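Listing of work24.cif; format and content: mmCIF, C-alpha atoms.
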```cif
data_data
loop_
_atom_site.label_atom_id
_atom_site.label_comp_id
_atom_site.auth_asym_id
_atom_site.auth_seq_id
_atom_site.Cartn_x
_atom_site.Cartn_y
_atom_site.Cartn_z
CA MET A 1 156.79 -21.45 75.41
CA GLU A 2 156.32 -20.52 79.07
CA THR A 3 160.07 -20.90 79.72
CA SER A 4 160.88 -18.77 76.69
CA ALA A 5 158.55 -16.00 77.93
CA LYS A 6 160.23 -15.96 81.34
CA THR A 7 163.67 -15.81 79.71
CA LEU A 8 162.55 -12.92 77.53
CA LEU A 9 161.18 -11.03 80.54
CA ILE A 10 164.47 -11.47 82.43
CA LEU A 11 166.40 -10.24 79.42
CA LEU A 12 164.18 -7.18 79.16
CA VAL A 13 164.73 -6.33 82.86
CA LEU A 14 168.48 -6.78 82.51
CA CYS A 15 168.52 -4.58 79.39
CA LYS A 16 166.59 -1.88 81.21
CA HIS A 17 169.17 -1.77 84.01
CA LEU A 18 172.01 -1.82 81.51
CA VAL A 19 170.46 1.16 79.73
CA VAL A 20 170.22 3.07 83.03
CA PHE A 21 173.86 2.38 83.81
CA SER A 22 174.95 3.21 80.28
CA MET A 23 173.30 6.62 80.60
CA LEU A 24 175.25 7.56 83.73
CA ASP A 25 178.71 6.77 84.99
CA PRO A 26 178.40 3.93 87.59
CA LEU A 27 180.32 5.94 90.20
CA ASP A 28 177.92 8.86 89.82
CA PHE A 29 174.95 6.45 89.97
CA LEU A 30 176.16 4.98 93.27
CA ALA A 31 176.99 8.43 94.64
CA LEU A 32 173.45 9.65 93.98
CA GLN A 33 172.08 6.59 95.75
CA SER A 34 174.20 7.36 98.84
CA ILE A 35 173.17 11.02 98.78
CA ARG A 36 169.52 10.02 98.60
CA LYS A 37 169.81 7.60 101.54
CA SER A 38 171.19 10.34 103.83
CA LEU A 39 168.44 12.88 103.07
CA ASP A 40 164.66 13.04 103.30
CA ASP A 41 161.91 15.46 102.39
CA MET A 42 160.56 17.70 105.12
CA PRO A 43 156.77 17.47 105.59
CA GLY A 44 155.14 19.01 102.55
CA SER A 45 158.13 18.48 100.27
CA THR A 46 157.93 16.04 97.36
CA PHE A 47 161.40 16.62 95.93
CA PHE A 48 162.56 13.00 96.20
CA SER A 49 159.28 11.46 95.02
CA GLN A 50 160.66 11.14 91.48
CA TRP A 51 164.07 9.80 92.46
CA ASP A 52 163.37 6.25 91.22
CA PHE A 53 166.66 4.51 90.55
CA THR A 54 165.08 2.08 88.10
CA SER A 55 164.90 5.04 85.70
CA ASN A 56 167.55 7.40 84.37
CA PRO A 57 168.94 9.56 87.24
CA CYS A 58 169.69 12.34 84.76
CA ASP A 59 165.92 12.87 84.63
CA PHE A 60 165.63 13.31 88.41
CA PRO A 61 164.61 16.75 89.72
CA GLY A 62 167.72 18.73 90.60
CA VAL A 63 170.11 16.47 88.67
CA TYR A 64 171.72 17.78 85.50
CA CYS A 65 174.02 15.68 83.35
CA GLU A 66 176.39 16.13 80.47
CA ALA A 67 177.36 13.00 78.59
CA ASP A 68 177.45 10.35 81.33
CA LYS A 69 178.39 12.61 84.27
CA VAL A 70 176.46 14.71 86.79
CA ILE A 71 177.51 18.35 86.35
CA ALA A 72 174.96 20.09 88.63
CA LEU A 73 173.09 18.99 91.74
CA ASN A 74 170.38 21.21 93.22
CA LEU A 75 169.00 19.43 96.27
CA GLY A 76 165.46 20.49 97.18
CA ASP A 77 162.62 22.38 95.55
CA LEU A 78 163.90 25.79 94.43
CA ARG A 79 160.46 27.43 94.54
CA ALA A 80 160.25 30.13 97.19
CA GLY A 81 158.59 28.96 100.38
CA SER A 82 158.85 25.26 99.55
CA PRO A 83 159.84 22.98 102.45
CA GLY A 84 163.44 21.84 102.43
CA LEU A 85 165.24 18.63 103.31
CA THR A 86 166.37 16.91 106.49
CA GLY A 87 169.29 14.61 107.19
CA ARG A 88 172.98 14.96 106.44
CA LEU A 89 175.17 15.59 103.43
CA ASP A 90 176.81 12.31 102.45
CA PRO A 91 180.57 12.30 101.68
CA ALA A 92 179.70 10.52 98.42
CA ILE A 93 179.12 13.99 96.95
CA GLY A 94 182.87 14.08 96.42
CA LYS A 95 182.61 11.20 93.93
CA LEU A 96 180.70 13.40 91.46
CA SER A 97 183.96 14.29 89.75
CA ALA A 98 182.44 16.46 87.02
CA LEU A 99 180.25 18.52 89.37
CA THR A 100 180.34 22.27 88.67
CA GLU A 101 177.33 23.36 90.77
CA LEU A 102 176.05 22.20 94.15
CA SER A 103 173.20 23.89 95.99
CA VAL A 104 170.92 22.91 98.86
CA VAL A 105 167.68 24.74 99.59
CA PRO A 106 166.89 26.04 103.11
CA GLY A 107 165.84 23.22 105.39
CA ARG A 108 166.97 21.25 108.45
CA ILE A 109 170.13 19.54 107.24
CA ILE A 110 172.51 18.92 110.14
CA GLY A 111 176.07 17.66 110.50
CA VAL A 112 179.32 18.92 109.08
CA ILE A 113 180.28 19.96 105.58
CA PRO A 114 181.87 16.90 103.93
CA GLU A 115 185.59 17.39 103.29
CA THR A 116 185.13 15.31 100.16
CA ILE A 117 183.44 18.23 98.39
CA SER A 118 186.99 19.45 97.77
CA HIS A 119 187.41 16.47 95.40
CA CYS A 120 185.01 18.16 92.96
CA ARG A 121 187.81 20.12 91.34
CA ASN A 122 185.53 21.65 88.69
CA LEU A 123 183.08 23.12 91.20
CA ARG A 124 182.23 26.74 90.42
CA PHE A 125 179.10 27.29 92.55
CA LEU A 126 178.60 26.04 96.12
CA ALA A 127 175.58 27.27 98.08
CA ILE A 128 174.31 25.57 101.25
CA SER A 129 172.56 28.29 103.22
CA LYS A 130 169.83 28.43 105.88
CA ASN A 131 170.32 24.98 107.32
CA PHE A 132 171.90 23.70 110.55
CA LEU A 133 175.39 22.77 109.46
CA HIS A 134 177.98 22.95 112.24
CA GLY A 135 181.73 22.52 112.56
CA GLY A 136 184.30 24.34 110.51
CA ILE A 137 184.74 25.29 106.88
CA PRO A 138 187.04 22.62 105.39
CA THR A 139 190.54 23.94 104.74
CA SER A 140 190.68 21.56 101.79
CA PHE A 141 188.38 23.93 99.90
CA SER A 142 191.62 25.46 98.65
CA ASN A 143 191.55 22.64 96.07
CA LEU A 144 188.48 24.21 94.47
CA ARG A 145 190.53 26.49 92.25
CA SER A 146 187.56 27.20 89.93
CA LEU A 147 185.12 28.13 92.70
CA GLN A 148 183.40 31.45 92.03
CA THR A 149 180.53 31.52 94.56
CA LEU A 150 180.76 30.22 98.12
CA ASP A 151 177.55 30.68 100.13
CA LEU A 152 177.40 28.95 103.53
CA SER A 153 175.31 31.65 105.19
CA TYR A 154 172.75 31.16 107.97
CA ASN A 155 174.17 28.01 109.49
CA LEU A 156 175.92 27.19 112.78
CA LEU A 157 179.49 27.10 111.49
CA THR A 158 182.33 27.75 113.92
CA GLY A 159 186.08 28.19 113.73
CA SER A 160 187.89 30.65 111.53
CA VAL A 161 187.53 31.64 107.90
CA PRO A 162 190.35 29.43 106.57
CA ARG A 163 193.29 31.20 104.99
CA SER A 164 193.02 28.60 102.23
CA VAL A 165 189.58 29.98 101.27
CA GLY A 166 191.06 33.41 100.82
CA GLU A 167 193.65 31.88 98.50
CA ILE A 168 191.07 30.62 95.96
CA PRO A 169 191.89 32.81 92.94
CA SER A 170 188.58 32.59 91.09
CA LEU A 171 186.21 33.74 93.86
CA SER A 172 183.70 36.47 93.03
CA ASN A 173 181.12 35.98 95.84
CA VAL A 174 181.84 34.94 99.43
CA ILE A 175 178.74 34.86 101.67
CA LEU A 176 179.39 33.48 105.14
CA CYS A 177 177.07 35.73 107.16
CA HIS A 178 174.97 34.62 110.15
CA ASN A 179 177.23 31.91 111.50
CA ARG A 180 179.50 31.68 114.55
CA LEU A 181 182.82 32.18 112.83
CA SER A 182 185.67 33.67 114.85
CA GLY A 183 189.25 34.81 114.38
CA SER A 184 190.50 37.39 111.92
CA ILE A 185 189.62 38.09 108.30
CA PRO A 186 192.17 36.36 106.04
CA LEU A 187 193.86 37.80 102.98
CA PHE A 188 191.66 37.45 99.89
CA ILE A 189 193.77 37.22 96.74
CA ALA A 190 190.95 36.82 94.20
CA PRO A 191 191.35 39.75 91.77
CA ASN A 192 187.66 39.67 90.80
CA LEU A 193 186.06 39.34 94.23
CA ILE A 194 182.87 41.42 94.08
CA ARG A 195 180.86 40.49 97.18
CA LEU A 196 182.13 39.75 100.69
CA ASP A 197 179.45 39.26 103.34
CA LEU A 198 180.68 38.25 106.79
CA LYS A 199 178.12 40.02 108.97
CA HIS A 200 176.69 38.49 112.16
CA ASN A 201 179.67 36.40 113.21
CA ASP A 202 182.25 36.73 115.98
CA LEU A 203 185.20 37.91 113.90
CA SER A 204 187.81 40.07 115.62
CA GLY A 205 191.11 41.84 115.11
CA ALA A 206 192.23 44.53 112.71
CA ILE A 207 191.90 44.29 108.92
CA SER A 208 195.11 44.69 106.96
CA PRO A 209 194.73 47.32 104.19
CA SER A 210 195.87 44.74 101.64
CA SER A 211 193.48 41.99 102.83
CA LEU A 212 190.63 43.00 100.55
CA PRO A 213 190.95 43.44 96.76
CA PRO A 214 189.96 46.78 95.15
CA SER A 215 187.46 44.88 92.96
CA LEU A 216 184.97 44.70 95.87
CA GLN A 217 181.54 46.22 95.22
CA TYR A 218 179.67 44.86 98.26
CA LEU A 219 181.21 44.71 101.74
CA SER A 220 179.26 43.84 104.88
CA LEU A 221 181.12 43.21 108.13
CA SER A 222 178.50 44.36 110.64
CA PHE A 223 177.84 42.69 113.99
CA ASN A 224 181.35 41.44 114.66
CA ARG A 225 184.15 42.53 117.02
CA LEU A 226 186.55 43.95 114.44
CA THR A 227 188.98 46.62 115.58
CA GLY A 228 191.58 49.05 114.33
CA PRO A 229 191.54 51.93 111.83
CA VAL A 230 190.05 51.84 108.33
CA ASP A 231 191.62 55.03 106.97
CA ARG A 232 194.06 53.04 104.82
CA LEU A 233 191.65 50.23 103.93
CA LEU A 234 188.63 52.12 102.59
CA PRO A 235 190.45 54.42 100.11
CA ARG A 236 191.48 51.26 98.21
CA LEU A 237 187.83 50.19 97.78
CA GLY A 238 186.49 52.96 95.56
CA ARG A 239 184.20 50.60 93.59
CA LEU A 240 181.97 49.83 96.56
CA ASN A 241 178.25 50.29 96.00
CA TYR A 242 177.33 48.89 99.43
CA LEU A 243 179.23 49.32 102.69
CA ASP A 244 178.22 48.26 106.20
CA LEU A 245 180.81 48.28 108.98
CA SER A 246 178.33 48.90 111.80
CA MET A 247 178.34 47.23 115.21
CA ASN A 248 182.09 46.72 115.49
CA ARG A 249 184.96 48.41 117.36
CA PHE A 250 186.68 50.26 114.55
CA THR A 251 188.72 53.27 115.63
CA GLY A 252 190.42 56.30 114.10
CA THR A 253 188.98 58.77 111.64
CA ILE A 254 186.50 58.18 108.84
CA PRO A 255 188.24 58.88 105.52
CA GLY A 256 186.44 61.54 103.53
CA CYS A 257 186.61 59.49 100.33
CA VAL A 258 183.84 57.15 101.53
CA PHE A 259 181.32 59.95 101.09
CA SER A 260 182.10 59.95 97.36
CA PHE A 261 181.55 56.21 96.91
CA PRO A 262 178.74 55.23 94.46
CA ILE A 263 176.59 53.83 97.27
CA SER A 264 173.02 54.46 98.43
CA SER A 265 173.56 53.54 102.08
CA LEU A 266 176.59 54.09 104.32
CA GLN A 267 176.43 52.22 107.64
CA LEU A 268 179.23 53.08 110.08
CA GLN A 269 177.21 53.33 113.31
CA ARG A 270 178.11 51.90 116.70
CA ASN A 271 181.87 51.90 116.40
CA GLN A 272 184.58 53.97 118.08
CA PHE A 273 185.40 56.40 115.27
CA THR A 274 186.84 59.74 116.38
CA GLY A 275 187.73 63.15 114.98
CA SER A 276 185.90 65.44 112.59
CA VAL A 277 184.02 64.32 109.49
CA LEU A 278 185.05 66.16 106.32
CA PRO A 279 183.39 65.10 103.06
CA PRO A 280 185.32 66.25 99.94
CA GLY A 281 182.09 67.48 98.29
CA GLN A 282 178.32 67.44 98.49
CA VAL A 283 177.25 64.04 99.81
CA ARG A 284 174.87 62.27 97.41
CA ILE A 285 174.31 59.14 99.49
CA SER A 286 170.65 58.61 100.43
CA THR A 287 171.27 57.20 103.91
CA VAL A 288 174.29 57.99 106.10
CA ASP A 289 174.44 56.54 109.61
CA LEU A 290 177.38 57.68 111.76
CA SER A 291 175.53 57.43 115.07
CA TYR A 292 176.97 56.09 118.33
CA ASN A 293 180.61 56.96 117.72
CA HIS A 294 182.97 59.56 119.21
CA LEU A 295 182.93 61.99 116.29
CA SER A 296 183.52 65.65 117.06
CA GLY A 297 183.84 69.10 115.49
CA GLN A 298 181.17 70.96 113.57
CA ILE A 299 178.63 69.30 111.29
CA SER A 300 179.48 69.91 107.66
CA SER A 301 176.84 71.60 105.50
CA LEU A 302 177.84 69.13 102.76
CA PHE A 303 175.56 66.57 104.48
CA SER A 304 172.45 68.68 103.87
CA SER A 305 171.67 66.75 100.68
CA VAL A 306 171.43 63.40 102.53
CA GLN A 307 167.88 62.12 102.76
CA ASN A 308 168.30 60.12 105.99
CA LEU A 309 171.09 61.37 108.25
CA PHE A 310 171.91 59.85 111.63
CA LEU A 311 174.57 61.81 113.54
CA ASN A 312 173.14 61.23 117.01
CA ASN A 313 175.12 60.08 120.04
CA ASN A 314 178.42 61.68 119.11
CA LYS A 315 180.32 64.79 120.27
CA PHE A 316 179.44 67.27 117.53
CA THR A 317 179.53 70.95 118.54
CA GLY A 318 178.51 74.36 117.21
CA GLN A 319 175.53 75.49 115.15
CA VAL A 320 173.48 73.25 112.88
CA PRO A 321 174.02 74.65 109.35
CA GLY A 322 171.07 76.58 107.92
CA THR A 323 171.05 74.36 104.83
CA PHE A 324 169.68 71.55 107.01
CA VAL A 325 166.66 73.69 107.89
CA ASP A 326 166.09 74.38 104.21
CA GLY A 327 166.26 70.66 103.48
CA LEU A 328 163.78 69.82 106.24
CA LEU A 329 161.24 72.41 105.18
CA SER A 330 161.41 71.33 101.54
CA ALA A 331 161.06 67.67 102.61
CA GLY A 332 164.38 66.90 100.95
CA ILE A 333 165.58 65.64 104.33
CA GLN A 334 163.30 62.95 105.74
CA ILE A 335 165.27 61.98 108.86
CA LEU A 336 167.68 64.24 110.72
CA TYR A 337 168.75 62.80 114.06
CA LEU A 338 171.12 65.08 115.97
CA GLN A 339 170.25 64.14 119.56
CA HIS A 340 172.86 63.45 122.22
CA ASN A 341 175.59 65.78 120.98
CA PHE A 342 176.91 69.14 122.18
CA LEU A 343 175.24 71.35 119.58
CA THR A 344 174.54 74.95 120.61
CA GLY A 345 171.88 76.14 118.17
CA ILE A 346 169.81 75.86 115.01
CA GLU A 347 168.22 78.71 113.06
CA ILE A 348 164.58 77.69 113.03
CA LYS A 349 161.55 79.56 114.32
CA PRO A 350 159.46 77.97 117.09
CA THR A 351 156.35 78.40 114.93
CA THR A 352 157.87 76.60 111.97
CA GLU A 353 155.88 73.59 110.82
CA ILE A 354 158.09 70.74 109.70
CA PRO A 355 156.50 68.54 107.00
CA LEU A 356 154.91 65.35 108.31
CA SER A 357 157.22 63.36 106.03
CA SER A 358 160.30 64.68 107.88
CA SER A 359 161.65 63.74 111.32
CA LEU A 360 163.91 65.99 113.40
CA CYS A 361 165.36 65.19 116.81
CA LEU A 362 167.48 67.77 118.68
CA GLN A 363 167.11 66.84 122.34
CA TYR A 364 169.95 66.43 124.82
CA ASN A 365 172.24 69.04 123.29
CA CYS A 366 173.66 72.27 124.72
CA MET A 367 170.53 74.22 123.75
CA VAL A 368 166.82 74.24 124.33
CA PRO A 369 165.24 72.75 121.20
CA PRO A 370 163.43 75.65 119.49
CA VAL A 371 160.81 73.30 118.07
CA GLN A 372 159.15 70.37 119.78
CA THR A 373 159.38 67.31 117.56
CA PRO A 374 158.88 63.61 118.30
CA CYS A 375 162.11 61.70 118.97
CA PRO A 376 162.86 57.97 119.22
CA LEU A 377 162.05 56.48 122.63
CA LYS A 378 165.70 55.58 123.24
CA ALA A 379 166.61 59.28 123.02
CA GLY A 380 165.28 59.61 126.57
CA LYS A 381 163.09 62.33 128.11
CA GLN A 382 165.68 65.02 128.94
CA LYS A 383 165.37 67.92 126.52
CA THR A 384 168.78 69.51 127.20
CA ARG A 385 172.19 68.34 128.31
CA PRO A 386 173.24 69.40 131.86
CA THR A 387 174.95 72.82 131.90
CA ALA A 388 178.00 71.42 133.67
CA GLN A 389 178.64 68.96 130.82
CA CYS A 390 178.37 71.71 128.23
CA ALA A 391 180.70 73.99 130.15
CA GLU A 392 183.23 71.20 130.57
CA TRP A 393 183.10 70.38 126.87
CA ARG A 394 183.62 74.00 125.84
CA ALA A 395 186.58 74.27 128.19
#
```
As structure tokens - that is how I would like this structure written.
Amino acid sequence: METSAKTLLILLVLCKHLVVFSMLDPLDFLALQSIRKSLDDMPGSTFFSQWDFTSNPCDFPGVYCEADKVIALNLGDLRAGSPGLTGRLDPAIGKLSALTELSVVPGRIIGVIPETISHCRNLRFLAISKNFLHGGIPTSFSNLRSLQTLDLSYNLLTGSVPRSVGEIPSLSNVILCHNRLSGSIPLFIAPNLIRLDLKHNDLSGAISPSSLPPSLQYLSLSFNRLTGPVDRLLPRLGRLNYLDLSMNRFTGTIPGCVFSFPISSLQLQRNQFTGSVLPPGQVRISTVDLSYNHLSGQISSLFSSVQNLFLNNNKFTGQVPGTFVDGLLSAGIQILYLQHNFLTGIEIKPTTEIPLSSSLCLQYNCMVPPVQTPCPLKAGKQKTRPTAQCAEWRA
């Protein structure tokens, strides 16, 4: 009887393991084991506490199955503020052949992005942000023909944005901001690309007018070293609802069409734009920042409907339109920064009280500011521009 009991127990254990394997493809089972061995919970995280391989892996946190295959893998606790994971991403991820979604929460994962991820041909969503991944973006990602979202932001990635990534036809979101990527922006052929975020990298060179599809609604390229004109690029992107090209080296004129875009914030500051600024109609954008460029000519009254307007540190001349004074006094304009230009006057009485909710800065122009208003510290202490500079500019 004792021998029979032992035999029965062994059979039960074997059956249990057979059930586990029958619930999940053996290759996926082994892949998950390798992935687990290369990662650990950060202090305070309990994500892996339920990854017990004597039970069904399809019941593990972050693992989602269909039939006998893993179709989604979300590594780490998705709750905001939860600690992430440490370790490295194991190449065994590429053996999850049915995977459509792979995400990793913010943590301290180091190492390179496994090339083998490109073996997951059905992958549609790939997000590994706010970790410490280094090295380049695998060129083999071109094999991910179904990929819609690529988010590798806030890592330490270097090298270029591979041309092969731009050739993925199904992309709708590309978020590669806050890395150390260099080189030029490749051609993106995806006809439904909506979001392109490449800010805070080291990208350089001019952008070809045909590089970006007209489907774009969000474009952020700030804090790079991009150059060249944008007067042929931006008119093609009339669907944009967010645009930030600040902190680059763009040149040429600003096309008037951008002031008609359905956006709430237009960030073009700290570039090398030149010429006059001529909106085609009343500007309805809440915030327009054109500061720290080389823009010249008179300030258009069509900007008087902008709530926060930064035109400082340019070469604007002439009188400030009276409609700006009306906007300030009615509190329709909250910020009007005109310092460090060559403006010659503004029709406002010295006794006029500007609402506390509005900020006006006029110093360092070719006039004595008729009203004394607080200015940003970086505007300096000089109230007016030297007479010699004004005379030279007029000449």
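When atom CA of A:Cys177 is paired with atom CA of A:Leu144, their separation reads 20.6 Å.
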Residue neighbourhood A:Val63, 7 Å, only C-alpha atoms, exclusion window fewer than 6 positions, as a PyMOL selection string: chain A and resi 70+72-74
Residues around (171.6, 57.3, 104.6), cut-off 9 Å, counting only C-alpha atoms - what are they as a tab-separated table (two decimals) with C-alpha atoms, in the coordinates of the input?
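Now in part13.tsv:
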```tsv
chain	number	residue	atom	x	y	z
A	264	SER	CA	173.02	54.46	98.43
A	265	SER	CA	173.56	53.54	102.08
A	266	LEU	CA	176.59	54.09	104.32
A	267	GLN	CA	176.43	52.22	107.64
A	285	ILE	CA	174.31	59.14	99.49
A	286	SER	CA	170.65	58.61	100.43
A	287	THR	CA	171.27	57.20	103.91
A	288	VAL	CA	174.29	57.99	106.10
A	289	ASP	CA	174.44	56.54	109.61
A	306	VAL	CA	171.43	63.40	102.53
A	307	GLN	CA	167.88	62.12	102.76
A	308	ASN	CA	168.30	60.12	105.99
A	309	LEU	CA	171.09	61.37	108.25
A	310	PHE	CA	171.91	59.85	111.63
A	335	ILE	CA	165.27	61.98	108.86
```
Using all atoms listed in the file: which of A:Pro83, A:Gly159, A:Pro355, A:Gly297 has the shortest distance to A:Leu328: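 The shortest atom-to-atom distance to A:Leu328 comes from A:Pro355.
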Cut-off 10 Å around (183.6, 33.6, 89.7) with all atoms listed in the file: residues as a ChimeraX atom specification: /A:124-125,146-150,169-174,190,192-194
